[in-house]
file upload_9.pdb (PDB, C-alpha atoms)
MODEL        1
ATOM      1  CA  MET A   1      99.307 117.127 159.755  1.00  0.00           C
ATOM      2  CA  LYS A   2      97.867 114.159 157.884  1.00  0.00           C
ATOM      3  CA  ARG A   3     100.050 111.487 156.486  1.00  0.00           C
ATOM      4  CA  ASP A   4      99.461 110.039 153.082  1.00  0.00           C
ATOM      5  CA  GLN A   5      98.673 106.403 153.589  1.00  0.00           C
ATOM      6  CA  ALA A   6      99.401 104.028 150.747  1.00  0.00           C
ATOM      7  CA  PRO A   7      96.485 101.763 149.855  1.00  0.00           C
ATOM      8  CA  ALA A   8      96.808  98.225 151.049  1.00  0.00           C
ATOM      9  CA  ALA A   9      98.212  95.962 148.388  1.00  0.00           C
ATOM     10  CA  GLU A  10      95.497  93.814 146.925  1.00  0.00           C
ATOM     11  CA  THR A  11      96.173  90.141 147.147  1.00  0.00           C
ATOM     12  CA  GLU A  12      95.867  88.386 143.869  1.00  0.00           C
ATOM     13  CA  GLN A  13      93.008  85.935 143.851  1.00  0.00           C
ATOM     14  CA  PRO A  14      93.168  82.967 141.510  1.00  0.00           C
ATOM     15  CA  SER A  15      90.546  82.888 138.845  1.00  0.00           C
ATOM     16  CA  ALA A  16      87.647  80.500 139.061  1.00  0.00           C
ATOM     17  CA  PRO A  17      89.049  78.020 136.500  1.00  0.00           C
ATOM     18  CA  ASP A  18      92.368  77.966 138.381  1.00  0.00           C
ATOM     19  CA  GLU A  19      90.556  77.257 141.647  1.00  0.00           C
ATOM     20  CA  VAL A  20      88.565  74.449 140.071  1.00  0.00           C
ATOM     21  CA  THR A  21      91.685  72.969 138.509  1.00  0.00           C
ATOM     22  CA  SER A  22      93.587  73.167 141.796  1.00  0.00           C
ATOM     23  CA  ARG A  23      90.777  71.494 143.695  1.00  0.00           C
ATOM     24  CA  THR A  24      90.517  68.758 141.071  1.00  0.00           C
ATOM     25  CA  VAL A  25      94.248  68.054 141.177  1.00  0.00           C
ATOM     26  CA  GLU A  26      94.195  67.949 144.988  1.00  0.00           C
ATOM     27  CA  GLN A  27      91.248  65.566 145.004  1.00  0.00           C
ATOM     28  CA  LEU A  28      92.924  63.296 142.446  1.00  0.00           C
ATOM     29  CA  ALA A  29      96.104  63.236 144.521  1.00  0.00           C
ATOM     30  CA  LYS A  30      94.173  62.390 147.683  1.00  0.00           C
ATOM     31  CA  GLN A  31      92.227  59.738 145.804  1.00  0.00           C
ATOM     32  CA  SER A  32      95.352  58.069 144.413  1.00  0.00           C
ATOM     33  CA  SER A  33      96.979  57.996 147.858  1.00  0.00           C
ATOM     34  CA  ALA A  34      93.854  56.901 149.705  1.00  0.00           C
ATOM     35  CA  GLY A  35      93.363  53.571 147.985  1.00  0.00           C
ATOM     36  CA  PRO A  36      91.805  51.945 144.931  1.00  0.00           C
ATOM     37  CA  ARG A  37      90.280  54.276 142.380  1.00  0.00           C
ATOM     38  CA  PRO A  38      86.602  54.025 141.407  1.00  0.00           C
ATOM     39  CA  THR A  39      85.795  52.169 138.221  1.00  0.00           C
ATOM     40  CA  VAL A  40      85.509  54.504 135.253  1.00  0.00           C
ATOM     41  CA  ARG A  41      83.392  53.273 132.365  1.00  0.00           C
ATOM     42  CA  ARG A  42      83.729  54.332 128.775  1.00  0.00           C
ATOM     43  CA  PRO A  43      80.985  56.629 127.448  1.00  0.00           C
ATOM     44  CA  TRP A  44      78.330  54.910 125.359  1.00  0.00           C
ATOM     45  CA  SER A  45      77.463  56.062 121.887  1.00  0.00           C
ATOM     46  CA  ALA A  46      73.865  56.927 121.112  1.00  0.00           C
ATOM     47  CA  ARG A  47      74.092  54.981 117.806  1.00  0.00           C
ATOM     48  CA  ARG A  48      71.727  57.440 116.178  1.00  0.00           C
ATOM     49  CA  ILE A  49      72.501  56.533 112.548  1.00  0.00           C
ATOM     50  CA  PRO A  50      72.150  52.721 112.915  1.00  0.00           C
ATOM     51  CA  ALA A  51      69.044  53.150 115.053  1.00  0.00           C
ATOM     52  CA  ALA A  52      67.497  55.582 112.549  1.00  0.00           C
ATOM     53  CA  LEU A  53      68.279  53.323 109.578  1.00  0.00           C
ATOM     54  CA  THR A  54      66.884  50.248 111.333  1.00  0.00           C
ATOM     55  CA  ALA A  55      63.714  52.062 112.379  1.00  0.00           C
ATOM     56  CA  LEU A  56      63.298  53.477 108.867  1.00  0.00           C
ATOM     57  CA  LEU A  57      63.658  50.092 107.155  1.00  0.00           C
ATOM     58  CA  ILE A  58      61.356  48.286 109.591  1.00  0.00           C
ATOM     59  CA  GLY A  59      58.811  51.096 109.447  1.00  0.00           C
ATOM     60  CA  ALA A  60      58.831  51.172 105.644  1.00  0.00           C
ATOM     61  CA  ALA A  61      58.450  47.384 105.350  1.00  0.00           C
ATOM     62  CA  ALA A  62      55.719  47.221 107.992  1.00  0.00           C
ATOM     63  CA  GLY A  63      53.861  50.189 106.512  1.00  0.00           C
ATOM     64  CA  THR A  64      53.928  48.760 102.981  1.00  0.00           C
ATOM     65  CA  LEU A  65      52.720  45.358 104.195  1.00  0.00           C
ATOM     66  CA  LEU A  66      49.979  46.896 106.322  1.00  0.00           C
ATOM     67  CA  PHE A  67      48.796  49.051 103.416  1.00  0.00           C
ATOM     68  CA  ASP A  68      48.521  46.002 101.152  1.00  0.00           C
ATOM     69  CA  ILE A  69      46.648  44.009 103.801  1.00  0.00           C
ATOM     70  CA  ILE A  70      44.145  46.865 104.194  1.00  0.00           C
ATOM     71  CA  ARG A  71      43.661  46.896 100.405  1.00  0.00           C
ATOM     72  CA  VAL A  72      42.899  43.153 100.425  1.00  0.00           C
ATOM     73  CA  HIS A  73      40.355  43.588 103.230  1.00  0.00           C
ATOM     74  CA  ALA A  74      38.781  46.406 101.239  1.00  0.00           C
ATOM     75  CA  GLY A  75      38.043  43.976  98.388  1.00  0.00           C
ATOM     76  CA  ARG A  76      40.982  44.674  96.095  1.00  0.00           C
ATOM     77  CA  PRO A  77      43.459  42.042  94.907  1.00  0.00           C
ATOM     78  CA  ALA A  78      46.806  41.670  96.625  1.00  0.00           C
ATOM     79  CA  SER A  79      49.773  43.449  95.139  1.00  0.00           C
ATOM     80  CA  ALA A  80      51.888  41.582  92.617  1.00  0.00           C
ATOM     81  CA  TRP A  81      55.029  41.832  94.772  1.00  0.00           C
ATOM     82  CA  ARG A  82      53.351  40.172  97.749  1.00  0.00           C
ATOM     83  CA  THR A  83      51.866  37.389  95.621  1.00  0.00           C
ATOM     84  CA  ARG A  84      55.211  36.728  93.969  1.00  0.00           C
ATOM     85  CA  LEU A  85      57.020  36.779  97.314  1.00  0.00           C
ATOM     86  CA  ALA A  86      54.589  34.266  98.793  1.00  0.00           C
ATOM     87  CA  ASP A  87      54.994  31.979  95.758  1.00  0.00           C
ATOM     88  CA  GLU A  88      58.797  32.199  95.900  1.00  0.00           C
ATOM     89  CA  LEU A  89      58.884  31.375  99.599  1.00  0.00           C
ATOM     90  CA  ALA A  90      56.494  28.438  99.075  1.00  0.00           C
ATOM     91  CA  THR A  91      58.221  26.927  96.047  1.00  0.00           C
ATOM     92  CA  ARG A  92      61.946  27.599  96.473  1.00  0.00           C
ATOM     93  CA  PRO A  93      63.863  24.916  98.424  1.00  0.00           C
ATOM     94  CA  LEU A  94      65.973  25.819 101.442  1.00  0.00           C
ATOM     95  CA  ASP A  95      69.206  24.894  99.654  1.00  0.00           C
ATOM     96  CA  ASP A  96      68.548  27.466  96.942  1.00  0.00           C
ATOM     97  CA  THR A  97      71.460  29.855  96.437  1.00  0.00           C
ATOM     98  CA  TRP A  98      69.420  33.035  96.769  1.00  0.00           C
ATOM     99  CA  ILE A  99      67.719  31.758  99.908  1.00  0.00           C
ATOM    100  CA  GLN A 100      71.085  31.024 101.516  1.00  0.00           C
ATOM    101  CA  ILE A 101      72.552  34.382 100.481  1.00  0.00           C
ATOM    102  CA  SER A 102      69.520  36.242 101.836  1.00  0.00           C
ATOM    103  CA  ALA A 103      69.673  34.312 105.123  1.00  0.00           C
ATOM    104  CA  ALA A 104      73.393  35.046 105.477  1.00  0.00           C
ATOM    105  CA  VAL A 105      72.873  38.770 104.838  1.00  0.00           C
ATOM    106  CA  ILE A 106      70.013  38.975 107.351  1.00  0.00           C
ATOM    107  CA  GLY A 107      72.067  37.041 109.911  1.00  0.00           C
ATOM    108  CA  LEU A 108      75.062  39.375 109.494  1.00  0.00           C
ATOM    109  CA  LEU A 109      72.841  42.437 109.862  1.00  0.00           C
ATOM    110  CA  GLY A 110      71.328  41.006 113.031  1.00  0.00           C
ATOM    111  CA  LEU A 111      74.771  40.187 114.423  1.00  0.00           C
ATOM    112  CA  TRP A 112      75.930  43.726 113.603  1.00  0.00           C
ATOM    113  CA  LEU A 113      72.977  45.203 115.506  1.00  0.00           C
ATOM    114  CA  ILE A 114      73.706  42.952 118.505  1.00  0.00           C
ATOM    115  CA  VAL A 115      77.359  44.049 118.535  1.00  0.00           C
ATOM    116  CA  LEU A 116      76.289  47.695 118.371  1.00  0.00           C
ATOM    117  CA  ALA A 117      73.896  47.170 121.273  1.00  0.00           C
ATOM    118  CA  LEU A 118      76.490  45.471 123.511  1.00  0.00           C
ATOM    119  CA  THR A 119      79.553  47.666 122.830  1.00  0.00           C
ATOM    120  CA  PRO A 120      80.011  51.274 123.993  1.00  0.00           C
ATOM    121  CA  GLY A 121      81.576  52.681 120.829  1.00  0.00           C
ATOM    122  CA  LEU A 122      83.138  56.171 120.876  1.00  0.00           C
ATOM    123  CA  ARG A 123      86.628  54.723 120.550  1.00  0.00           C
ATOM    124  CA  ASP A 124      87.993  58.204 119.797  1.00  0.00           C
ATOM    125  CA  GLN A 125      87.236  59.339 123.359  1.00  0.00           C
ATOM    126  CA  LEU A 126      89.476  58.236 126.230  1.00  0.00           C
ATOM    127  CA  PRO A 127      87.935  58.333 129.730  1.00  0.00           C
ATOM    128  CA  LEU A 128      89.851  60.293 132.358  1.00  0.00           C
ATOM    129  CA  ARG A 129      90.212  59.861 136.106  1.00  0.00           C
ATOM    130  CA  THR A 130      87.786  62.003 138.064  1.00  0.00           C
ATOM    131  CA  PRO A 131      87.515  62.898 141.769  1.00  0.00           C
ATOM    132  CA  ASP A 132      84.206  61.054 142.164  1.00  0.00           C
ATOM    133  CA  ALA A 133      81.927  58.677 140.315  1.00  0.00           C
ATOM    134  CA  GLN A 134      79.422  61.430 139.471  1.00  0.00           C
ATOM    135  CA  THR A 135      81.938  63.346 137.339  1.00  0.00           C
ATOM    136  CA  HIS A 136      82.786  62.101 133.861  1.00  0.00           C
ATOM    137  CA  ALA A 137      85.506  63.468 131.588  1.00  0.00           C
ATOM    138  CA  VAL A 138      86.979  62.297 128.303  1.00  0.00           C
ATOM    139  CA  LEU A 139      89.947  63.244 126.146  1.00  0.00           C
ATOM    140  CA  ASP A 140      89.984  63.084 122.382  1.00  0.00           C
ATOM    141  CA  ARG A 141      92.325  60.358 121.123  1.00  0.00           C
ATOM    142  CA  ASP A 142      93.899  62.621 118.481  1.00  0.00           C
ATOM    143  CA  ALA A 143      94.616  65.279 121.105  1.00  0.00           C
ATOM    144  CA  ALA A 144      96.236  62.702 123.394  1.00  0.00           C
ATOM    145  CA  GLU A 145      98.395  61.441 120.538  1.00  0.00           C
ATOM    146  CA  LEU A 146      99.446  64.998 119.733  1.00  0.00           C
ATOM    147  CA  LEU A 147     100.424  65.696 123.351  1.00  0.00           C
ATOM    148  CA  LEU A 148     102.460  62.511 123.527  1.00  0.00           C
ATOM    149  CA  ARG A 149     104.114  63.318 120.219  1.00  0.00           C
ATOM    150  CA  ASP A 150     105.114  66.769 121.494  1.00  0.00           C
ATOM    151  CA  ALA A 151     106.595  65.150 124.598  1.00  0.00           C
ATOM    152  CA  ALA A 152     108.558  62.731 122.417  1.00  0.00           C
ATOM    153  CA  MET A 153     109.871  65.515 120.201  1.00  0.00           C
ATOM    154  CA  ARG A 154     111.291  67.292 123.262  1.00  0.00           C
ATOM    155  CA  VAL A 155     113.649  64.386 123.921  1.00  0.00           C
ATOM    156  CA  PRO A 156     117.167  65.230 122.700  1.00  0.00           C
ATOM    157  CA  GLY A 157     118.085  63.209 119.646  1.00  0.00           C
ATOM    158  CA  VAL A 158     114.539  62.624 118.353  1.00  0.00           C
ATOM    159  CA  SER A 159     113.991  64.122 114.908  1.00  0.00           C
ATOM    160  CA  ALA A 160     110.588  62.605 114.142  1.00  0.00           C
ATOM    161  CA  ALA A 161     108.011  60.711 116.184  1.00  0.00           C
ATOM    162  CA  ARG A 162     104.770  58.907 115.529  1.00  0.00           C
ATOM    163  CA  ILE A 163     102.330  58.025 118.311  1.00  0.00           C
ATOM    164  CA  ARG A 164      99.349  55.685 118.046  1.00  0.00           C
ATOM    165  CA  ILE A 165      97.012  54.992 120.962  1.00  0.00           C
ATOM    166  CA  PHE A 166      95.297  51.629 120.881  1.00  0.00           C
ATOM    167  CA  ARG A 167      92.893  50.109 123.367  1.00  0.00           C
ATOM    168  CA  ASN A 168      95.483  48.963 125.920  1.00  0.00           C
ATOM    169  CA  ARG A 169      98.728  50.087 124.354  1.00  0.00           C
ATOM    170  CA  VAL A 170     100.548  53.191 123.179  1.00  0.00           C
ATOM    171  CA  GLY A 171     102.790  52.585 120.193  1.00  0.00           C
ATOM    172  CA  ALA A 172     105.620  55.082 119.740  1.00  0.00           C
ATOM    173  CA  ARG A 173     108.137  55.190 116.901  1.00  0.00           C
ATOM    174  CA  ALA A 174     110.945  57.710 116.864  1.00  0.00           C
ATOM    175  CA  ASP A 175     113.752  58.552 114.480  1.00  0.00           C
ATOM    176  CA  VAL A 176     117.107  59.247 116.123  1.00  0.00           C
ATOM    177  CA  ARG A 177     119.494  61.704 114.452  1.00  0.00           C
ATOM    178  CA  PHE A 178     122.156  61.788 117.136  1.00  0.00           C
ATOM    179  CA  ARG A 179     122.965  60.151 120.477  1.00  0.00           C
ATOM    180  CA  ALA A 180     122.888  56.431 121.118  1.00  0.00           C
ATOM    181  CA  PRO A 181     119.498  54.849 120.309  1.00  0.00           C
ATOM    182  CA  ALA A 182     119.443  53.035 123.680  1.00  0.00           C
ATOM    183  CA  ASP A 183     119.864  56.313 125.574  1.00  0.00           C
ATOM    184  CA  VAL A 184     117.201  58.017 123.477  1.00  0.00           C
ATOM    185  CA  LYS A 185     114.817  55.127 124.065  1.00  0.00           C
ATOM    186  CA  ALA A 186     115.329  55.329 127.832  1.00  0.00           C
ATOM    187  CA  ASP A 187     114.692  59.082 127.859  1.00  0.00           C
ATOM    188  CA  LEU A 188     111.703  58.612 125.579  1.00  0.00           C
ATOM    189  CA  LEU A 189     110.151  56.085 127.949  1.00  0.00           C
ATOM    190  CA  VAL A 190     110.561  58.486 130.863  1.00  0.00           C
ATOM    191  CA  ALA A 191     109.088  61.428 128.922  1.00  0.00           C
ATOM    192  CA  LEU A 192     106.092  59.449 127.682  1.00  0.00           C
ATOM    193  CA  ARG A 193     105.370  58.014 131.125  1.00  0.00           C
ATOM    194  CA  GLU A 194     105.416  61.482 132.640  1.00  0.00           C
ATOM    195  CA  GLU A 195     103.093  62.793 129.930  1.00  0.00           C
ATOM    196  CA  LEU A 196     100.718  59.850 130.404  1.00  0.00           C
ATOM    197  CA  ALA A 197     100.630  60.597 134.126  1.00  0.00           C
ATOM    198  CA  ARG A 198      99.721  64.212 133.353  1.00  0.00           C
ATOM    199  CA  LEU A 199      96.930  63.084 131.037  1.00  0.00           C
ATOM    200  CA  ALA A 200      95.322  61.209 133.977  1.00  0.00           C
ATOM    201  CA  LEU A 201      93.789  58.479 131.850  1.00  0.00           C
ATOM    202  CA  ALA A 202      91.399  56.201 133.699  1.00  0.00           C
ATOM    203  CA  ARG A 203      93.049  53.124 132.191  1.00  0.00           C
ATOM    204  CA  PRO A 204      96.720  53.935 131.621  1.00  0.00           C
ATOM    205  CA  PRO A 205      97.938  51.914 128.618  1.00  0.00           C
ATOM    206  CA  ARG A 206     101.290  50.184 128.462  1.00  0.00           C
ATOM    207  CA  LEU A 207     104.073  51.717 126.395  1.00  0.00           C
ATOM    208  CA  ALA A 208     105.710  50.120 123.377  1.00  0.00           C
ATOM    209  CA  VAL A 209     108.592  52.281 122.146  1.00  0.00           C
ATOM    210  CA  ARG A 210     110.708  51.666 119.062  1.00  0.00           C
ATOM    211  CA  VAL A 211     113.598  53.823 117.910  1.00  0.00           C
ATOM    212  CA  ARG A 212     115.606  53.677 114.716  1.00  0.00           C
ATOM    213  CA  PRO A 213     118.703  55.644 113.776  1.00  0.00           C
ATOM    214  CA  ARG A 214     118.434  58.063 110.862  1.00  0.00           C
ATOM    215  CA  ARG A 215     121.637  59.373 109.378  1.00  0.00           C
ATOM    216  CA  LYS A 216     122.083  61.919 106.625  1.00  0.00           C
TER     217      LYS A 216
ENDMDL
END

call {"tool": "encode", "arguments": {"input": "upload_9.pdb", "output": "structure tokens"}}
result
Amino acid sequence: MKRDQAPAAETEQPSAPDEVTSRTVEQLAKQSSAGPRPTVRRPWSARRIPAALTALLIGAAAGTLLFDIIRVHAGRPASAWRTRLADELATRPLDDTWIQISAAVIGLLGLWLIVLALTPGLRDQLPLRTPDAQTHAVLDRDAAELLLRDAAMRVPGVSAARIRIFRNRVGARADVRFRAPADVKADLLVALREELARLALARPPRLAVRVRPRRK
């Protein structure tokens, strides 16, 4: 007589994203306990619009000048704009108002291009800690502010909260409807610090919390 054998219970296997997340969390924990964390650099913007505008302006000016020079070599007279420009540059003194304004504008544009070349940009993206230097991850600034705001709203006594993330500082303002403002501020600091730890920012900013009582 054969016995009915129940099929072996299948063990639940975590999905691939869960496995990746678990491994990442474990690696981050080991990394934080092992010693100093690797330097995480901010992502650099491609600066496509300023680069395209600069290339377009330089290309248009160079192309127009080259076309006029070719016309002169072909036996035709120089264009009126180039003749007038040469006369203005030869006759106007350096202390002329228009010369000074033009020089200031060109200098500011050059300074702007230098600043763009030496700064990373992408201030709306916050770099995150990663297990190794080959992995790069960022978090949108608006999303981080929303997560911190949700954490602040979960504190008892907070009726409204506003979070702003700056370069090295997180500014938090909360309205208190009940409880003592000092107690709410202490709980708010704890909640925001825990949420910042969960965000795993590469450069954790300092917290600046302000509370104000709001009564009906």

call {"tool": "residues_around", "arguments": {"input": "upload_9.pdb", "residues": "A:Arg212", "least_positions_apart": "5", "cutoff": "9 Å", "atoms": "only C-alpha atoms", "output": "ChimeraX atom specification"}}
result
/A:173-177,181

call {"tool": "residues_around", "arguments": {"input": "upload_9.pdb", "residues": "A:Leu65", "least_positions_apart": "6", "cutoff": "12 Å", "atoms": "all atoms listed in the file", "output": "VMD selection string"}}
result
chain A and resid 58 to 59 71 to 72 78 to 79 81 to 83 85

call {"tool": "atom_distance", "arguments": {"input": "upload_9.pdb", "atom1": "atom CA of A:Leu128", "atom2": "atom CA of A:Leu116"}}
result
23.2 Å

call {"tool": "closest_residue", "arguments": {"input": "upload_9.pdb", "among": "A:His136, A:Arg193, A:Arg129, A:Lys185", "to": "A:Ala151", "atoms": "only C-alpha atoms"}}
result
A:Arg193

call {"tool": "closest_residue", "arguments": {"input": "upload_9.pdb", "among": "A:Arg141, A:Val211, A:Leu108, A:Leu56", "to": "A:Ala160", "atoms": "all atoms listed in the file"}}
result
A:Val211

call {"tool": "atom_distance", "arguments": {"input": "upload_9.pdb", "atom1": "atom CA of A:Ala152", "atom2": "atom CA of A:Ile165"}}
result
14.0 Å

call {"tool": "resolve_selection", "arguments": {"input": "upload_9.pdb", "expression": "the PyMOL selection byres ((chain A and resi 195) around 10)", "output": "JSON, numbers by chain"}}
result
{"A": [144, 147, 148, 149, 150, 151, 152, 189, 190, 191, 192, 193, 194, 196, 197, 198, 199, 200]}

call {"tool": "axis_aligned_box", "arguments": {"input": "upload_9.pdb", "around": "stretch 45-50 of chain A", "padding_each_side": "5 Å", "output": "JSON"}}
result
{"center_x": 74.6, "center_y": 55.1, "center_z": 117.2, "size_x": 15.7, "size_y": 14.7, "size_z": 19.3}
